[in-house]
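Undergrad: My structure is stored as work-v4.cif, with mmCIF, N, CA and C atoms.
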```cif
data_query
#
loop_
_atom_site.label_atom_id
_atom_site.label_comp_id
_atom_site.auth_asym_id
_atom_site.auth_seq_id
_atom_site.Cartn_x
_atom_site.Cartn_y
_atom_site.Cartn_z
N GLU U 1 -2.92 -18.24 9.07
CA GLU U 1 -2.29 -17.54 10.16
C GLU U 1 -0.94 -16.97 9.77
N LYS U 2 -0.21 -17.65 8.91
CA LYS U 2 1.11 -17.17 8.49
C LYS U 2 1.01 -15.89 7.67
N GLN U 3 -0.15 -15.65 7.09
CA GLN U 3 -0.31 -14.49 6.22
C GLN U 3 -0.60 -13.20 6.99
N VAL U 4 -0.98 -13.31 8.25
CA VAL U 4 -1.40 -12.13 9.01
C VAL U 4 -0.25 -11.14 9.19
N THR U 5 0.93 -11.62 9.57
CA THR U 5 2.05 -10.71 9.83
C THR U 5 2.50 -9.97 8.58
N PRO U 6 2.78 -10.65 7.45
CA PRO U 6 3.19 -9.90 6.27
C PRO U 6 2.12 -8.92 5.79
N LEU U 7 0.86 -9.32 5.85
CA LEU U 7 -0.21 -8.41 5.43
C LEU U 7 -0.28 -7.20 6.37
N GLY U 8 -0.14 -7.44 7.65
CA GLY U 8 -0.12 -6.35 8.62
C GLY U 8 1.03 -5.39 8.37
N LEU U 9 2.20 -5.92 8.02
CA LEU U 9 3.36 -5.06 7.73
C LEU U 9 3.10 -4.17 6.51
N VAL U 10 2.49 -4.73 5.49
CA VAL U 10 2.19 -3.95 4.28
C VAL U 10 1.19 -2.84 4.61
N LEU U 11 0.12 -3.17 5.31
CA LEU U 11 -0.88 -2.15 5.66
C LEU U 11 -0.29 -1.09 6.58
N HIS U 12 0.57 -1.49 7.50
CA HIS U 12 1.23 -0.53 8.39
C HIS U 12 2.13 0.42 7.59
N GLU U 13 2.88 -0.11 6.65
CA GLU U 13 3.77 0.72 5.84
C GLU U 13 2.97 1.69 4.97
N LEU U 14 1.90 1.22 4.35
CA LEU U 14 1.07 2.11 3.54
C LEU U 14 0.45 3.22 4.40
N THR U 15 0.02 2.86 5.59
CA THR U 15 -0.58 3.84 6.50
C THR U 15 0.46 4.87 6.95
N THR U 16 1.65 4.40 7.30
CA THR U 16 2.73 5.31 7.70
C THR U 16 3.05 6.29 6.59
N ASN U 17 3.14 5.78 5.35
CA ASN U 17 3.43 6.67 4.22
C ASN U 17 2.30 7.66 3.97
N ALA U 18 1.06 7.24 4.17
CA ALA U 18 -0.07 8.16 4.01
C ALA U 18 0.00 9.30 5.03
N VAL U 19 0.43 8.97 6.26
CA VAL U 19 0.54 9.98 7.31
C VAL U 19 1.72 10.92 7.04
N LYS U 20 2.86 10.37 6.65
CA LYS U 20 4.07 11.17 6.47
C LYS U 20 4.07 11.98 5.18
N TYR U 21 3.66 11.33 4.07
CA TYR U 21 3.85 11.95 2.76
C TYR U 21 2.58 12.05 1.93
N GLY U 22 1.58 11.28 2.26
CA GLY U 22 0.42 11.14 1.38
C GLY U 22 -0.81 11.89 1.83
N CYS U 23 -1.94 11.27 1.62
CA CYS U 23 -3.23 11.94 1.79
C CYS U 23 -3.47 12.46 3.21
N TRP U 24 -3.02 11.73 4.23
CA TRP U 24 -3.28 12.18 5.60
C TRP U 24 -2.31 13.26 6.06
N SER U 25 -1.28 13.56 5.25
CA SER U 25 -0.38 14.65 5.60
C SER U 25 -0.91 15.99 5.08
N SER U 26 -1.91 15.93 4.19
CA SER U 26 -2.40 17.16 3.57
C SER U 26 -3.92 17.30 3.61
N GLY U 27 -4.57 16.55 4.51
CA GLY U 27 -6.02 16.67 4.63
C GLY U 27 -6.81 15.94 3.57
N GLY U 28 -6.17 15.02 2.86
CA GLY U 28 -6.88 14.24 1.84
C GLY U 28 -7.65 13.09 2.44
N GLU U 29 -8.15 12.24 1.58
CA GLU U 29 -8.95 11.10 2.02
C GLU U 29 -8.33 9.81 1.53
N LEU U 30 -8.62 8.73 2.26
CA LEU U 30 -8.15 7.40 1.92
C LEU U 30 -9.35 6.47 1.83
N THR U 31 -9.38 5.67 0.78
CA THR U 31 -10.41 4.65 0.63
C THR U 31 -9.70 3.31 0.48
N VAL U 32 -10.10 2.34 1.29
CA VAL U 32 -9.55 0.99 1.21
C VAL U 32 -10.71 0.02 0.99
N ASP U 33 -10.64 -0.71 -0.09
CA ASP U 33 -11.62 -1.75 -0.38
C ASP U 33 -10.88 -3.07 -0.49
N TRP U 34 -11.56 -4.15 -0.15
CA TRP U 34 -10.96 -5.46 -0.33
C TRP U 34 -12.04 -6.45 -0.70
N TRP U 35 -11.60 -7.50 -1.36
CA TRP U 35 -12.53 -8.54 -1.76
C TRP U 35 -11.77 -9.86 -1.88
N HIS U 36 -12.51 -10.92 -1.73
CA HIS U 36 -11.99 -12.28 -1.82
C HIS U 36 -12.46 -12.85 -3.14
N ASP U 37 -11.52 -13.34 -3.94
CA ASP U 37 -11.89 -13.84 -5.26
C ASP U 37 -11.17 -15.15 -5.54
N GLY U 38 -11.90 -16.25 -5.42
CA GLY U 38 -11.34 -17.55 -5.77
C GLY U 38 -10.07 -17.91 -5.02
N GLY U 39 -10.02 -17.72 -3.73
CA GLY U 39 -8.85 -18.06 -2.95
C GLY U 39 -7.82 -16.95 -2.85
N GLU U 40 -8.06 -15.84 -3.49
CA GLU U 40 -7.13 -14.71 -3.42
C GLU U 40 -7.81 -13.52 -2.76
N LEU U 41 -7.02 -12.74 -2.05
CA LEU U 41 -7.50 -11.51 -1.44
C LEU U 41 -6.92 -10.34 -2.21
N ALA U 42 -7.75 -9.42 -2.61
CA ALA U 42 -7.30 -8.21 -3.30
C ALA U 42 -7.63 -7.00 -2.43
N ILE U 43 -6.69 -6.09 -2.34
CA ILE U 43 -6.88 -4.86 -1.57
C ILE U 43 -6.64 -3.69 -2.50
N ASP U 44 -7.57 -2.76 -2.50
CA ASP U 44 -7.48 -1.56 -3.33
C ASP U 44 -7.29 -0.36 -2.39
N TRP U 45 -6.12 0.26 -2.43
CA TRP U 45 -5.74 1.38 -1.56
C TRP U 45 -5.73 2.63 -2.44
N VAL U 46 -6.60 3.59 -2.16
CA VAL U 46 -6.71 4.78 -3.01
C VAL U 46 -6.62 6.03 -2.14
N GLU U 47 -5.53 6.78 -2.33
CA GLU U 47 -5.38 8.06 -1.65
C GLU U 47 -5.87 9.16 -2.56
N ASP U 48 -6.65 10.06 -2.00
CA ASP U 48 -7.20 11.18 -2.76
C ASP U 48 -6.65 12.47 -2.18
N CYS U 49 -5.63 13.00 -2.83
CA CYS U 49 -5.03 14.25 -2.40
C CYS U 49 -4.20 14.79 -3.57
N PRO U 50 -4.05 16.09 -3.63
CA PRO U 50 -3.23 16.64 -4.70
C PRO U 50 -1.78 16.24 -4.49
N GLY U 51 -1.12 15.93 -5.57
CA GLY U 51 0.29 15.57 -5.49
C GLY U 51 0.97 15.78 -6.82
N GLU U 52 2.23 15.45 -6.85
CA GLU U 52 3.00 15.64 -8.07
C GLU U 52 2.86 14.45 -9.02
N GLY U 53 2.46 13.30 -8.49
CA GLY U 53 2.30 12.13 -9.34
C GLY U 53 3.60 11.51 -9.77
N ARG U 54 4.69 11.84 -9.07
CA ARG U 54 6.00 11.29 -9.43
C ARG U 54 6.34 10.11 -8.53
N GLU U 55 6.88 9.09 -9.15
CA GLU U 55 7.34 7.93 -8.39
C GLU U 55 8.62 8.32 -7.65
N PRO U 56 8.81 7.79 -6.43
CA PRO U 56 10.04 8.11 -5.70
C PRO U 56 11.28 7.74 -6.51
N THR U 57 12.33 8.51 -6.34
CA THR U 57 13.56 8.27 -7.10
C THR U 57 14.42 7.17 -6.51
N SER U 58 14.16 6.81 -5.25
CA SER U 58 14.94 5.74 -4.63
C SER U 58 14.00 4.75 -3.96
N THR U 59 14.52 3.56 -3.74
CA THR U 59 13.75 2.51 -3.07
C THR U 59 14.13 2.51 -1.60
N GLY U 60 13.18 2.80 -0.75
CA GLY U 60 13.44 2.83 0.68
C GLY U 60 13.17 1.50 1.35
N PHE U 61 13.42 1.48 2.65
CA PHE U 61 13.21 0.27 3.43
C PHE U 61 11.76 -0.20 3.35
N GLY U 62 10.81 0.74 3.39
CA GLY U 62 9.40 0.38 3.34
C GLY U 62 9.03 -0.35 2.07
N SER U 63 9.55 0.12 0.94
CA SER U 63 9.28 -0.54 -0.33
C SER U 63 9.86 -1.94 -0.36
N LEU U 64 11.07 -2.09 0.17
CA LEU U 64 11.69 -3.41 0.24
C LEU U 64 10.89 -4.33 1.15
N LEU U 65 10.41 -3.80 2.27
CA LEU U 65 9.61 -4.57 3.21
C LEU U 65 8.31 -5.05 2.55
N MET U 66 7.66 -4.17 1.81
CA MET U 66 6.42 -4.55 1.14
C MET U 66 6.66 -5.60 0.06
N ALA U 67 7.76 -5.47 -0.67
CA ALA U 67 8.09 -6.46 -1.70
C ALA U 67 8.35 -7.83 -1.07
N SER U 68 9.06 -7.82 0.04
CA SER U 68 9.34 -9.07 0.75
C SER U 68 8.04 -9.70 1.28
N ALA U 69 7.16 -8.88 1.83
CA ALA U 69 5.88 -9.38 2.33
C ALA U 69 5.04 -9.96 1.19
N ALA U 70 5.06 -9.31 0.04
CA ALA U 70 4.30 -9.82 -1.11
C ALA U 70 4.82 -11.19 -1.53
N ARG U 71 6.15 -11.38 -1.51
CA ARG U 71 6.71 -12.69 -1.84
C ARG U 71 6.26 -13.75 -0.83
N GLN U 72 6.27 -13.38 0.47
CA GLN U 72 5.83 -14.32 1.50
C GLN U 72 4.37 -14.71 1.30
N LEU U 73 3.58 -13.78 0.82
CA LEU U 73 2.15 -14.03 0.59
C LEU U 73 1.89 -14.67 -0.77
N ARG U 74 2.95 -14.86 -1.56
CA ARG U 74 2.82 -15.36 -2.92
C ARG U 74 1.88 -14.46 -3.74
N GLY U 75 2.07 -13.16 -3.56
CA GLY U 75 1.23 -12.19 -4.24
C GLY U 75 2.06 -11.10 -4.89
N SER U 76 1.44 -9.99 -5.15
CA SER U 76 2.14 -8.87 -5.78
C SER U 76 1.56 -7.56 -5.27
N ILE U 77 2.36 -6.53 -5.42
CA ILE U 77 1.93 -5.17 -5.08
C ILE U 77 2.13 -4.31 -6.32
N GLU U 78 1.09 -3.65 -6.73
CA GLU U 78 1.16 -2.75 -7.87
C GLU U 78 0.82 -1.35 -7.37
N ARG U 79 1.77 -0.43 -7.46
CA ARG U 79 1.52 0.94 -7.01
C ARG U 79 1.68 1.89 -8.18
N SER U 80 0.85 2.92 -8.17
CA SER U 80 1.02 3.99 -9.15
C SER U 80 0.93 5.31 -8.40
N PHE U 81 1.74 6.24 -8.82
CA PHE U 81 1.78 7.57 -8.20
C PHE U 81 1.17 8.54 -9.19
N THR U 82 -0.04 9.00 -8.90
CA THR U 82 -0.78 9.86 -9.82
C THR U 82 -0.92 11.25 -9.22
N PRO U 83 -1.28 12.25 -10.01
CA PRO U 83 -1.52 13.59 -9.47
C PRO U 83 -2.64 13.62 -8.42
N ALA U 84 -3.51 12.61 -8.42
CA ALA U 84 -4.59 12.55 -7.44
C ALA U 84 -4.17 11.81 -6.17
N GLY U 85 -3.00 11.16 -6.19
CA GLY U 85 -2.53 10.42 -5.02
C GLY U 85 -2.08 9.02 -5.39
N VAL U 86 -1.65 8.29 -4.38
CA VAL U 86 -1.14 6.94 -4.58
C VAL U 86 -2.28 5.96 -4.75
N ARG U 87 -2.12 5.03 -5.67
CA ARG U 87 -3.09 3.97 -5.90
C ARG U 87 -2.38 2.64 -5.76
#
```
Take the structure in the file and write it out as structure tokens.
TA:
Amino acid sequence: EKQVTPLGLVLHELTTNAVKYGCWSSGGELTVDWWHDGGELAIDWVEDCPGEGREPTSTGFGSLLMASAARQLRGSIERSFTPAGVR
């Protein structure tokens, strides 16, 4: 139960960014897959849209929020910014 709020915050932030800057701002597509593996939950977030593939130059509140949520979940977040979209 303690994991629901931090996970919800991460998914909300990723969704907000997809709407504002990512795939849903330019008519692209989003694929989200998840799986449970030996007591761990993995989520694969794949945005499919043309982009510059550049990582943001500054760390915003959303990135800090996601990092904090990952610590609360005892997990990690790995993001890559590719020409095809955020992964």
Undergrad: Name all residues at most 6 Å from Phe81 (chain U) (count only N, CA and C atoms; drop same-chain ones fewer than 4 positions away) and give them as number ranges by chain.
TA: U: 53-55, 85-87
Undergrad: Nearest residue to Thr31 (chain U) out of U:Met66, U:Ser76, U:Pro83, U:Val46, using all atoms listed in the file?
TA: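 Once distances to Thr31 (chain U) are computed over all atoms listed in the file, the minimum belongs to U:Val46.
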Undergrad: Would you place a box with edges along x, y and z of the file around all atoms of region 38-42 of chain U listed there, add 4 Å to each of its six sides, and report the centre and edge lengths in Å to one decimal, as lines of an AutoDock Vina configuration file?
TA:
```
center_x = -9.4
center_y = -12.5
center_z = -3.6
size_x = 13.0
size_y = 19.1
size_z = 12.3
```
Undergrad: For the structure shown, which residues end up in the PyMOL selection byres ((chain U and resi 9-24) around 6.5)? Put them as a list in words, please?
TA: Val4, Thr5, Pro6, Leu7, Gly8, Ser25, Ser26, Gly27, Gly28, Glu29, Leu30, Glu47, Asp48, Cys49, Gly62, Leu65 and Met66 of chain U
Undergrad: May I ask for the distance between atom C of Trp35 (chain U) and CA of Gln3 (chain U), given in Å to one decimal place?
TA: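 Separation between atom C of Trp35 (chain U) and CA of Gln3 (chain U): 14.8 Å.
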Undergrad: Please, what distance in Å, to one decimal, runs between CA of Gly51 (chain U) and CA of Asp33 (chain U)?
TA: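 CA of Gly51 (chain U) sits 21.6 Å away from CA of Asp33 (chain U).
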Undergrad: Kindly give the distance, in Å, that separates CA of Ala70 (chain U) and CA of Ser58 (chain U), rounded to a single decimal.
TA: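 Going from CA of Ala70 (chain U) over to CA of Ser58 (chain U) covers 19.2 Å.
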Undergrad: DSSP on the backbone: what in chain U comes out alpha helix (DSSP H), as a VMD selection string?
TA: chain U and resid 4 to 20 61 to 72
Undergrad: So that I can check the secondary structure, give me every residue of chain U assigned strand (DSSP E or B) by backbone DSSP, as a list in words.
TA: Glu29, Leu30, Thr31, Val32, Asp33, Trp34, Trp35, His36, Asp37, Glu40, Leu41, Ala42, Ile43, Asp44, Trp45, Val46, Glu47, Asp48, Phe81, Thr82, Gly85 and Val86 of chain U
Undergrad: Add whatever atoms are absent from region 34-47 of chain U to reach N, CA, C and O atoms, and provide the output as a CSV table (one decimal), keeping the file's coordinate frame.
TA:
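Heads up, here's the output in result.csv:
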```csv
chain,number,residue,atom,x,y,z
U,34,TRP,N,-11.6,-4.2,-0.2
U,34,TRP,CA,-11.0,-5.5,-0.3
U,34,TRP,C,-12.0,-6.4,-0.7
U,34,TRP,O,-13.2,-6.3,-0.4
U,35,TRP,N,-11.6,-7.5,-1.4
U,35,TRP,CA,-12.5,-8.5,-1.8
U,35,TRP,C,-11.8,-9.9,-1.9
U,35,TRP,O,-10.6,-9.9,-2.1
U,36,HIS,N,-12.5,-10.9,-1.7
U,36,HIS,CA,-12.0,-12.3,-1.8
U,36,HIS,C,-12.5,-12.8,-3.1
U,36,HIS,O,-13.6,-12.8,-3.4
U,37,ASP,N,-11.5,-13.3,-3.9
U,37,ASP,CA,-11.9,-13.8,-5.3
U,37,ASP,C,-11.2,-15.2,-5.5
U,37,ASP,O,-10.0,-15.2,-5.8
U,38,GLY,N,-11.9,-16.2,-5.4
U,38,GLY,CA,-11.3,-17.6,-5.8
U,38,GLY,C,-10.1,-17.9,-5.0
U,38,GLY,O,-9.1,-18.3,-5.6
U,39,GLY,N,-10.0,-17.7,-3.7
U,39,GLY,CA,-8.8,-18.1,-3.0
U,39,GLY,C,-7.8,-17.0,-2.8
U,39,GLY,O,-6.8,-17.1,-2.2
U,40,GLU,N,-8.1,-15.8,-3.5
U,40,GLU,CA,-7.1,-14.7,-3.4
U,40,GLU,C,-7.8,-13.5,-2.8
U,40,GLU,O,-9.0,-13.3,-2.9
U,41,LEU,N,-7.0,-12.7,-2.0
U,41,LEU,CA,-7.5,-11.5,-1.4
U,41,LEU,C,-6.9,-10.3,-2.2
U,41,LEU,O,-5.7,-10.3,-2.5
U,42,ALA,N,-7.8,-9.4,-2.6
U,42,ALA,CA,-7.3,-8.2,-3.3
U,42,ALA,C,-7.6,-7.0,-2.4
U,42,ALA,O,-8.7,-6.9,-1.8
U,43,ILE,N,-6.7,-6.1,-2.3
U,43,ILE,CA,-6.9,-4.9,-1.6
U,43,ILE,C,-6.6,-3.7,-2.5
U,43,ILE,O,-5.6,-3.6,-3.2
U,44,ASP,N,-7.6,-2.8,-2.5
U,44,ASP,CA,-7.5,-1.6,-3.3
U,44,ASP,C,-7.3,-0.4,-2.4
U,44,ASP,O,-8.2,0.0,-1.6
U,45,TRP,N,-6.1,0.3,-2.4
U,45,TRP,CA,-5.7,1.4,-1.6
U,45,TRP,C,-5.7,2.6,-2.4
U,45,TRP,O,-4.9,2.7,-3.4
U,46,VAL,N,-6.6,3.6,-2.2
U,46,VAL,CA,-6.7,4.8,-3.0
U,46,VAL,C,-6.6,6.0,-2.1
U,46,VAL,O,-7.5,6.3,-1.3
U,47,GLU,N,-5.5,6.8,-2.3
U,47,GLU,CA,-5.4,8.1,-1.6
U,47,GLU,C,-5.9,9.2,-2.6
U,47,GLU,O,-5.6,9.2,-3.7
```
